[in-house]
>>> print(open('data-v7.txt').read())   # compact mmCIF, C-alpha atoms
# COMPACT_ATOMS: atom_id res chain seq x y z
CA MET Z 1 7.97 -17.56 -22.55
CA ASN Z 2 7.87 -13.78 -22.35
CA PHE Z 3 6.33 -12.34 -19.19
CA GLN Z 4 6.43 -8.72 -20.33
CA PHE Z 5 3.11 -6.92 -20.72
CA SER Z 6 3.10 -5.23 -24.13
CA HIS Z 7 -0.43 -4.70 -25.43
CA GLU Z 8 -2.79 -5.71 -22.63
CA PRO Z 9 -5.88 -3.51 -22.13
CA MET Z 10 -5.62 -0.82 -19.46
CA PHE Z 11 -8.88 -2.12 -18.02
CA TRP Z 12 -7.09 -5.17 -16.64
CA PHE Z 13 -4.79 -3.01 -14.56
CA LEU Z 14 -7.64 -0.79 -13.46
CA LEU Z 15 -9.38 -3.94 -12.26
CA VAL Z 16 -6.38 -4.67 -10.03
CA THR Z 17 -6.44 -1.06 -8.78
CA PHE Z 18 -10.17 -1.09 -8.02
CA SER Z 19 -9.96 -4.48 -6.33
CA LEU Z 20 -7.09 -3.48 -4.06
CA VAL Z 21 -8.66 -0.13 -3.18
CA ALA Z 22 -12.00 -1.80 -2.40
CA ILE Z 23 -10.35 -4.48 -0.24
CA GLY Z 24 -8.31 -1.81 1.57
CA ILE Z 25 -11.40 0.33 2.24
CA TYR Z 26 -13.20 -2.77 3.49
CA GLY Z 27 -10.32 -3.48 5.85
CA LEU Z 28 -10.32 0.10 7.13
CA LEU Z 29 -14.06 0.00 7.86
CA ALA Z 30 -14.39 -3.56 9.11
CA ARG Z 31 -11.31 -4.12 11.26
CA LYS Z 32 -10.74 -2.77 14.74
CA SER Z 33 -7.05 -3.55 15.12
CA ILE Z 34 -4.69 -0.61 14.41
CA LEU Z 35 -2.22 -3.00 12.77
CA LYS Z 36 -4.85 -4.27 10.33
CA MET Z 37 -5.90 -0.69 9.60
CA ILE Z 38 -2.30 0.24 8.76
CA ILE Z 39 -2.07 -2.79 6.47
CA SER Z 40 -5.37 -1.76 4.84
CA VAL Z 41 -4.01 1.72 4.11
CA GLU Z 42 -0.93 0.13 2.55
CA ILE Z 43 -3.14 -2.04 0.33
CA VAL Z 44 -4.99 1.08 -0.87
CA VAL Z 45 -1.69 2.87 -1.60
CA ASN Z 46 -0.37 -0.17 -3.50
CA GLY Z 47 -3.56 -0.31 -5.58
CA ALA Z 48 -3.11 3.33 -6.52
CA ASN Z 49 0.54 2.68 -7.39
CA VAL Z 50 -0.40 -0.14 -9.77
CA GLY Z 51 -2.74 2.28 -11.55
CA LEU Z 52 -0.05 4.94 -11.75
CA ALA Z 53 2.47 2.48 -13.19
CA ALA Z 54 -0.05 1.16 -15.71
CA PHE Z 55 -0.92 4.66 -16.94
CA ALA Z 56 2.79 5.47 -17.18
CA THR Z 57 2.94 3.01 -20.08
CA GLN Z 58 0.43 5.25 -21.90
CA HIS Z 59 1.36 8.79 -20.90
CA GLY Z 60 5.06 8.83 -20.03
CA ALA Z 61 7.33 8.52 -17.03
CA ASP Z 62 5.45 10.85 -14.66
CA GLY Z 63 3.30 8.06 -13.20
CA VAL Z 64 6.36 6.03 -12.23
CA ILE Z 65 7.97 9.00 -10.51
CA ILE Z 66 4.80 9.78 -8.55
CA ALA Z 67 4.67 6.08 -7.58
CA PHE Z 68 8.25 6.42 -6.25
CA PHE Z 69 7.20 9.36 -4.09
CA ALA Z 70 4.09 7.48 -2.91
CA ILE Z 71 6.14 4.44 -1.90
CA ALA Z 72 8.64 6.59 0.04
CA LEU Z 73 5.92 8.49 1.90
CA ALA Z 74 3.89 5.33 2.57
CA ALA Z 75 6.96 3.70 4.14
CA LEU Z 76 7.37 6.73 6.41
CA GLU Z 77 3.71 6.59 7.32
CA VAL Z 78 4.00 2.92 8.27
CA ALA Z 79 7.05 3.66 10.40
CA VAL Z 80 5.22 6.39 12.31
CA GLY Z 81 2.00 4.37 12.60
CA LEU Z 82 3.82 1.35 13.99
CA THR Z 83 5.80 3.56 16.39
CA LEU Z 84 2.55 4.98 17.76
CA LEU Z 85 1.07 1.48 17.92
CA ILE Z 86 4.02 0.14 19.92
CA VAL Z 87 3.92 3.11 22.30
CA LEU Z 88 0.17 2.74 22.83
CA ALA Z 89 0.46 -1.00 23.34
CA ARG Z 90 3.31 -0.73 25.84
CA LYS Z 91 2.02 2.28 27.74
CA TYR Z 92 -1.72 1.69 27.80
CA GLY Z 93 -2.16 -1.83 26.42
CA ILE Z 94 -4.27 -0.44 23.60
CA THR Z 95 -4.22 -1.87 20.08
CA PHE Z 96 -7.78 -0.86 19.15
CA PRO Z 97 -8.45 2.73 18.09
CA GLU Z 98 -11.89 2.88 19.70
CA LYS Z 99 -10.28 2.87 23.13
CA LEU Z 100 -8.32 6.01 22.28
CA ASN Z 101 -10.65 8.64 23.65
CA ASN Z 102 -8.30 10.94 25.57
CA LEU Z 103 -9.12 13.88 23.29
CA LYS Z 104 -12.85 13.23 23.24
CA TRP Z 105 -15.01 16.10 24.50
CA MET X 1 -0.59 -13.40 -21.22
CA LEU X 2 -4.18 -13.60 -20.01
CA LEU X 3 -3.27 -16.73 -18.04
CA TYR X 4 -0.23 -15.04 -16.49
CA PHE X 5 -2.24 -11.94 -15.63
CA SER X 6 -5.09 -14.03 -14.19
CA ILE X 7 -2.73 -15.99 -11.94
CA LEU X 8 -1.09 -12.78 -10.72
CA TYR X 9 -4.49 -11.15 -10.16
CA LEU X 10 -5.87 -14.12 -8.23
CA ILE X 11 -2.80 -14.31 -5.99
CA ILE X 12 -2.95 -10.54 -5.35
CA ILE X 13 -6.66 -10.59 -4.46
CA ALA X 14 -6.39 -13.74 -2.36
CA THR X 15 -3.41 -12.45 -0.36
CA ALA X 16 -5.02 -9.01 0.10
CA ILE X 17 -8.18 -10.62 1.52
CA ALA X 18 -6.10 -13.00 3.64
CA ALA X 19 -4.06 -10.09 5.04
CA ILE X 20 -7.28 -8.52 6.30
CA GLU X 21 -9.34 -11.56 7.26
CA LEU X 22 -6.82 -13.89 8.94
CA THR X 23 -6.63 -13.68 12.74
CA ASN X 24 -3.11 -15.02 13.30
CA LEU X 25 -0.90 -11.94 12.88
CA ILE X 26 2.13 -13.88 11.61
CA TRP X 27 0.02 -15.32 8.78
CA VAL X 28 -1.32 -11.82 8.13
CA LEU X 29 2.27 -10.67 7.70
CA VAL X 30 3.09 -13.59 5.39
CA ALA X 31 0.05 -12.79 3.20
CA PHE X 32 0.98 -9.09 3.18
CA ALA X 33 4.58 -9.84 2.16
CA VAL X 34 3.40 -12.13 -0.67
CA LEU X 35 1.00 -9.39 -1.83
CA LEU X 36 3.79 -6.80 -1.92
CA THR X 37 6.10 -9.16 -3.78
CA GLU X 38 3.43 -9.96 -6.38
CA ILE X 39 2.86 -6.25 -6.96
CA ALA X 40 6.62 -5.87 -7.50
CA LEU X 41 6.32 -8.65 -10.11
CA PHE X 42 3.59 -6.58 -11.77
CA TYR X 43 5.97 -3.63 -12.02
CA PHE X 44 8.67 -5.84 -13.53
CA SER X 45 6.18 -7.16 -16.08
CA LEU X 46 5.06 -3.62 -16.96
CA GLY X 47 8.67 -2.78 -17.84
CA PHE X 48 9.61 -0.77 -14.74
CA PRO X 49 12.40 -2.78 -13.10
CA LEU X 50 13.56 0.14 -10.94
CA LEU X 51 10.07 0.58 -9.49
CA GLY X 52 9.87 -3.18 -8.88
CA ALA X 53 13.22 -3.17 -7.12
CA PHE X 54 12.12 -0.15 -5.06
CA GLN X 55 8.90 -1.96 -4.13
CA LEU X 56 10.83 -5.07 -3.10
CA ALA X 57 13.38 -3.12 -1.07
CA ILE X 58 11.08 -0.64 0.65
CA TYR X 59 7.84 -2.59 0.99
CA ALA X 60 8.60 -6.30 0.90
CA GLY X 61 11.86 -5.67 2.76
CA GLY X 62 11.50 -2.66 5.03
CA VAL X 63 7.78 -2.37 5.75
CA ALA X 64 7.27 -6.12 6.20
CA ILE X 65 10.13 -6.26 8.71
CA LEU X 66 8.72 -3.22 10.54
CA VAL X 67 5.33 -4.93 10.80
CA LEU X 68 7.05 -8.13 12.00
CA PHE X 69 8.88 -6.11 14.64
CA ALA X 70 5.60 -4.51 15.76
CA ILE X 71 3.87 -7.91 15.97
CA LEU X 72 6.73 -9.37 18.00
CA THR X 73 6.73 -6.33 20.31
CA ILE X 74 3.02 -6.07 21.06
CA GLY X 75 2.24 -9.77 20.77
CA GLU X 76 -1.01 -11.36 19.72
CA ARG X 77 -4.20 -9.61 20.80
CA GLU X 78 -7.69 -10.94 20.49
CA GLU X 79 -9.48 -8.85 17.90
CA GLU X 80 -13.00 -7.74 18.68
CA LYS X 81 -15.54 -8.54 16.01
CA ARG X 82 -17.26 -5.73 14.22
CA GLU X 83 -20.32 -5.75 11.99
CA SER X 84 -18.79 -5.83 8.51
CA LYS X 85 -21.82 -5.95 6.20
CA LEU X 86 -21.83 -2.18 5.70
CA ALA X 87 -18.08 -2.17 5.04
CA ALA X 88 -18.45 -4.99 2.51
CA GLY X 89 -21.28 -3.06 0.84
CA VAL X 90 -19.18 0.10 0.61
CA ALA X 91 -16.23 -1.83 -0.83
CA ILE X 92 -18.35 -3.64 -3.43
CA ALA X 93 -20.09 -0.36 -4.39
CA LEU X 94 -16.68 1.30 -4.79
CA PHE X 95 -15.44 -1.53 -6.98
CA ILE X 96 -18.54 -1.56 -9.19
CA THR X 97 -18.50 2.25 -9.50
CA GLY X 98 -14.87 2.13 -10.62
CA VAL X 99 -15.53 -0.58 -13.19
CA ILE X 100 -18.62 1.19 -14.58
CA ALA X 101 -16.79 4.54 -14.67
CA SER X 102 -13.84 3.08 -16.57
CA ILE X 103 -16.18 1.43 -19.10
CA TRP X 104 -18.34 4.55 -19.39
CA THR X 105 -15.39 6.85 -20.06
CA GLY X 106 -14.43 4.69 -23.04
CA LEU X 107 -10.97 3.80 -21.82
CA THR X 108 -8.76 2.95 -24.77
CA THR X 109 -5.35 1.37 -24.77
CA LYS X 110 -2.63 2.87 -26.91
CA PRO X 111 0.58 1.00 -27.76
CA TYR X 112 2.77 0.82 -24.68
CA LEU X 113 5.56 3.37 -24.41
CA GLN X 114 9.05 2.00 -23.90
CA ILE X 115 10.27 4.08 -20.98
CA SER X 116 13.95 3.68 -20.23
CA LEU X 117 15.70 4.45 -16.95
CA GLU X 118 17.34 7.43 -18.66
CA GLU X 119 13.90 8.81 -19.56
CA ILE X 120 12.67 8.39 -15.97
CA GLY X 121 15.78 10.13 -14.68
CA ARG X 122 15.46 12.98 -17.18
CA VAL X 123 11.78 13.63 -16.36
CA PHE X 124 12.57 13.41 -12.64
CA VAL X 125 15.32 16.01 -12.86
CA ASP X 126 13.35 18.28 -15.20
CA LYS X 127 9.99 18.24 -13.41
CA TYR X 128 10.21 16.78 -9.94
CA ALA X 129 13.66 17.49 -8.51
CA ILE X 130 12.37 20.57 -6.67
CA LEU X 131 9.82 18.36 -4.89
CA ILE X 132 12.66 16.57 -3.12
CA ILE X 133 13.22 19.59 -0.85
CA PRO X 134 9.70 19.73 0.72
CA LEU X 135 9.64 15.92 0.71
CA ALA X 136 12.89 15.79 2.65
CA PHE X 137 11.59 18.31 5.20
CA THR X 138 8.32 16.37 5.50
CA ALA X 139 10.19 13.10 5.98
CA ALA X 140 12.49 14.65 8.57
CA GLY X 141 9.50 16.13 10.40
CA ILE X 142 7.67 12.81 10.43
CA VAL X 143 10.67 10.87 11.70
CA PHE X 144 11.53 13.51 14.30
CA GLY X 145 7.89 13.64 15.46
CA ALA X 146 7.75 9.88 15.88
CA TYR X 147 11.05 9.87 17.75
CA TYR X 148 9.87 12.73 19.98
CA ILE X 149 6.62 10.96 20.88
CA LEU X 150 8.40 7.68 21.51
CA SER X 151 11.18 9.15 23.65
CA LYS X 152 8.73 11.27 25.66
CA LYS X 153 6.50 8.31 26.42
CA LEU X 154 9.43 6.05 27.28
CA ASN X 155 10.98 8.72 29.56
CA ARG X 156 7.67 9.01 31.40
CA GLU X 157 7.61 5.25 31.86
CA GLU X 158 11.02 5.41 33.56
>>> encode(input="data-v7.txt", output="structure tokens")
Amino acid sequence: MNFQFSHEPMFWFLLVTFSLVAIGIYGLLARKSILKMIISVEIVVNGANVGLAAFATQHGADGVIIAFFAIALAALEVAVGLTLLIVLARKYGITFPEKLNNLKW
Amino acid sequence: MLLYFSILYLIIIATAIAAIELTNLIWVLVAFAVLLTEIALFYFSLGFPLLGAFQLAIYAGGVAILVLFAILTIGEREEEKRESKLAAGVAIALFITGVIASIWTGLTTKPYLQISLEEIGRVFVDKYAILIIPLAFTAAGIVFGAYYILSKKLNREE
């Protein structure tokens, strides 16, 4: 059996993109934990990457290359986010962003 | 192929929801890792093996291990509940808007292009190679900034 997509409608892949973006936005709005918010951002980025890869099959290799850049930058963003999370958890015992109000005026 | 796509889609949606809704952080990580792996499978099926391998190495390998490390370091915390009806409404509205917009714009599907690794490499060198320089500086700045914050905080602790 061949598992290679060859003529499937673009709408299917857009459905995956919209679903992942919607779930990620829901996670960002509904969760209080920084870790879950980071995971939600990653889900949004992955949804966008699926769309980019799907459109690359229609318009050329640019979408794949932009997806490469997005993956590299998203990995960096996770590394920095988790670093801040660990520092906040160890120093102040905070893992919820609402308790971060040092810069509030 | 509809069956294969449907199975992939259901697994992706189920694991994405599980990664957000589960309370045990280890299970959250497991769901997240499965989600990332399934998306890599999507890339393989679309005919982009390099992107799939990149996804597996960076996301399912690196990011998942980073998250595991963070969970093991900070431990389990009780998550406070938040009213999520508005968030669910926003997410559903976003999804429906996207679906309607894609139908309204008359999205058509042309025959798939066969994009080889050589083609990806050629386009990358022709169009995007110059982007590597600001990207490298950005990446270095991000890593240095994180290291600076971490070392400063840890030095204060001592």
>>> closest_residue(input="data-v7.txt", among="Z:Phe11, Z:Arg31, Z:Gly93, Z:Gln4", to="Leu22 of chain X", atoms="all atoms listed in the file")
Z:Arg31
>>> closest_atom_pairs(input="data-v7.txt", of="chain Z", to="chain X", cutoff="6 Å", atoms="only C-alpha atoms", output="JSON lines")
{"residue": "Z:Gln4", "atom": "CA", "partner": "X:Ser45", "partner_atom": "CA", "distance": 4.5}
{"residue": "Z:Phe5", "atom": "CA", "partner": "X:Leu46", "partner_atom": "CA", "distance": 5.4}
{"residue": "Z:Pro9", "atom": "CA", "partner": "X:Thr109", "partner_atom": "CA", "distance": 5.6}
{"residue": "Z:Met10", "atom": "CA", "partner": "X:Thr109", "partner_atom": "CA", "distance": 5.8}
{"residue": "Z:Phe18", "atom": "CA", "partner": "X:Phe95", "partner_atom": "CA", "distance": 5.4}
{"residue": "Z:Ala22", "atom": "CA", "partner": "X:Ala91", "partner_atom": "CA", "distance": 4.5}
{"residue": "Z:Tyr26", "atom": "CA", "partner": "X:Ala87", "partner_atom": "CA", "distance": 5.2}
{"residue": "Z:Gly27", "atom": "CA", "partner": "X:Ile20", "partner_atom": "CA", "distance": 5.9}
{"residue": "Z:Leu29", "atom": "CA", "partner": "X:Ala87", "partner_atom": "CA", "distance": 5.4}
{"residue": "Z:Ala30", "atom": "CA", "partner": "X:Ser84", "partner_atom": "CA", "distance": 5.0}
{"residue": "Z:Thr57", "atom": "CA", "partner": "X:Leu113", "partner_atom": "CA", "distance": 5.1}
{"residue": "Z:Gln58", "atom": "CA", "partner": "X:Tyr112", "partner_atom": "CA", "distance": 5.7}
{"residue": "Z:Ala61", "atom": "CA", "partner": "X:Ile120", "partner_atom": "CA", "distance": 5.4}
{"residue": "Z:Val80", "atom": "CA", "partner": "X:Ala146", "partner_atom": "CA", "distance": 5.6}
>>> atom_distance(input="data-v7.txt", atom1="atom CA of Asn46 of chain Z", atom2="atom CA of Glu38 of chain X")
10.9 Å
>>> closest_residue(input="data-v7.txt", among="Z:Ile94, Z:Leu15, Z:Val87, Z:Ala48", to="Ala67 of chain Z", atoms="only C-alpha atoms")
Z:Ala48
>>> build_atoms(input="data-v7.txt", residues="segment 32-57 of chain Z", atoms="N, CA and C atoms", output="mmCIF file, in the coordinates of the input")
data_model
loop_
_atom_site.group_PDB
_atom_site.id
_atom_site.type_symbol
_atom_site.label_atom_id
_atom_site.label_comp_id
_atom_site.auth_asym_id
_atom_site.auth_seq_id
_atom_site.Cartn_x
_atom_site.Cartn_y
_atom_site.Cartn_z
ATOM 1 N N LYS Z 32 -10.927 -3.644 13.591
ATOM 2 C CA LYS Z 32 -10.740 -2.770 14.740
ATOM 3 C C LYS Z 32 -9.270 -2.624 15.137
ATOM 4 N N SER Z 33 -8.456 -3.581 14.709
ATOM 5 C CA SER Z 33 -7.050 -3.550 15.120
ATOM 6 C C SER Z 33 -6.285 -2.457 14.347
ATOM 7 N N ILE Z 34 -5.467 -1.676 15.068
ATOM 8 C CA ILE Z 34 -4.690 -0.610 14.410
ATOM 9 C C ILE Z 34 -3.750 -1.210 13.365
ATOM 10 N N LEU Z 35 -3.157 -2.364 13.699
ATOM 11 C CA LEU Z 35 -2.220 -3.000 12.770
ATOM 12 C C LEU Z 35 -2.919 -3.345 11.444
ATOM 13 N N LYS Z 36 -4.120 -3.910 11.552
ATOM 14 C CA LYS Z 36 -4.850 -4.270 10.330
ATOM 15 C C LYS Z 36 -5.259 -3.012 9.563
ATOM 16 N N MET Z 37 -5.545 -1.929 10.289
ATOM 17 C CA MET Z 37 -5.900 -0.690 9.600
ATOM 18 C C MET Z 37 -4.701 -0.124 8.844
ATOM 19 N N ILE Z 38 -3.507 -0.215 9.447
ATOM 20 C CA ILE Z 38 -2.300 0.240 8.760
ATOM 21 C C ILE Z 38 -2.070 -0.596 7.494
ATOM 22 N N ILE Z 39 -2.236 -1.911 7.629
ATOM 23 C CA ILE Z 39 -2.070 -2.790 6.470
ATOM 24 C C ILE Z 39 -3.091 -2.460 5.385
ATOM 25 N N SER Z 40 -4.326 -2.129 5.809
ATOM 26 C CA SER Z 40 -5.370 -1.760 4.840
ATOM 27 C C SER Z 40 -4.989 -0.502 4.068
ATOM 28 N N VAL Z 41 -4.448 0.487 4.785
ATOM 29 C CA VAL Z 41 -4.010 1.720 4.110
ATOM 30 C C VAL Z 41 -2.918 1.403 3.091
ATOM 31 N N GLU Z 42 -2.011 0.501 3.476
ATOM 32 C CA GLU Z 42 -0.930 0.130 2.550
ATOM 33 C C GLU Z 42 -1.484 -0.555 1.297
ATOM 34 N N ILE Z 43 -2.533 -1.371 1.488
ATOM 35 C CA ILE Z 43 -3.140 -2.040 0.330
ATOM 36 C C ILE Z 43 -3.758 -1.003 -0.608
ATOM 37 N N VAL Z 44 -4.415 0.015 -0.040
ATOM 38 C CA VAL Z 44 -4.990 1.080 -0.870
ATOM 39 C C VAL Z 44 -3.883 1.806 -1.646
ATOM 40 N N VAL Z 45 -2.793 2.146 -0.949
ATOM 41 C CA VAL Z 45 -1.690 2.870 -1.600
ATOM 42 C C VAL Z 45 -1.081 2.019 -2.722
ATOM 43 N N ASN Z 46 -0.941 0.710 -2.474
ATOM 44 C CA ASN Z 46 -0.370 -0.170 -3.500
ATOM 45 C C ASN Z 46 -1.295 -0.275 -4.711
ATOM 46 N N GLY Z 47 -2.616 -0.303 -4.457
ATOM 47 C CA GLY Z 47 -3.560 -0.310 -5.580
ATOM 48 C C GLY Z 47 -3.406 0.931 -6.434
ATOM 49 N N ALA Z 48 -3.294 2.076 -5.772
ATOM 50 C CA ALA Z 48 -3.110 3.330 -6.520
ATOM 51 C C ALA Z 48 -1.797 3.304 -7.303
ATOM 52 N N ASN Z 49 -0.755 2.736 -6.708
ATOM 53 C CA ASN Z 49 0.540 2.680 -7.390
ATOM 54 C C ASN Z 49 0.494 1.816 -8.642
ATOM 55 N N VAL Z 50 -0.258 0.712 -8.572
ATOM 56 C CA VAL Z 50 -0.400 -0.140 -9.770
ATOM 57 C C VAL Z 50 -1.060 0.664 -10.893
ATOM 58 N N GLY Z 51 -2.093 1.433 -10.545
ATOM 59 C CA GLY Z 51 -2.740 2.280 -11.550
ATOM 60 C C GLY Z 51 -1.796 3.304 -12.135
ATOM 61 N N LEU Z 52 -1.009 3.929 -11.276
ATOM 62 C CA LEU Z 52 -0.050 4.940 -11.750
ATOM 63 C C LEU Z 52 0.964 4.318 -12.712
ATOM 64 N N ALA Z 53 1.471 3.139 -12.340
ATOM 65 C CA ALA Z 53 2.470 2.480 -13.190
ATOM 66 C C ALA Z 53 1.852 2.064 -14.515
ATOM 67 N N ALA Z 54 0.595 1.587 -14.465
ATOM 68 C CA ALA Z 54 -0.050 1.160 -15.710
ATOM 69 C C ALA Z 54 -0.262 2.356 -16.642
ATOM 70 N N PHE Z 55 -0.702 3.483 -16.092
ATOM 71 C CA PHE Z 55 -0.920 4.660 -16.940
ATOM 72 C C PHE Z 55 0.393 5.274 -17.409
ATOM 73 N N ALA Z 56 1.485 4.989 -16.710
ATOM 74 C CA ALA Z 56 2.790 5.470 -17.180
ATOM 75 C C ALA Z 56 3.151 4.840 -18.518
ATOM 76 N N THR Z 57 2.646 3.631 -18.777
ATOM 77 C CA THR Z 57 2.940 3.010 -20.080
ATOM 78 C C THR Z 57 2.196 3.706 -21.224
#
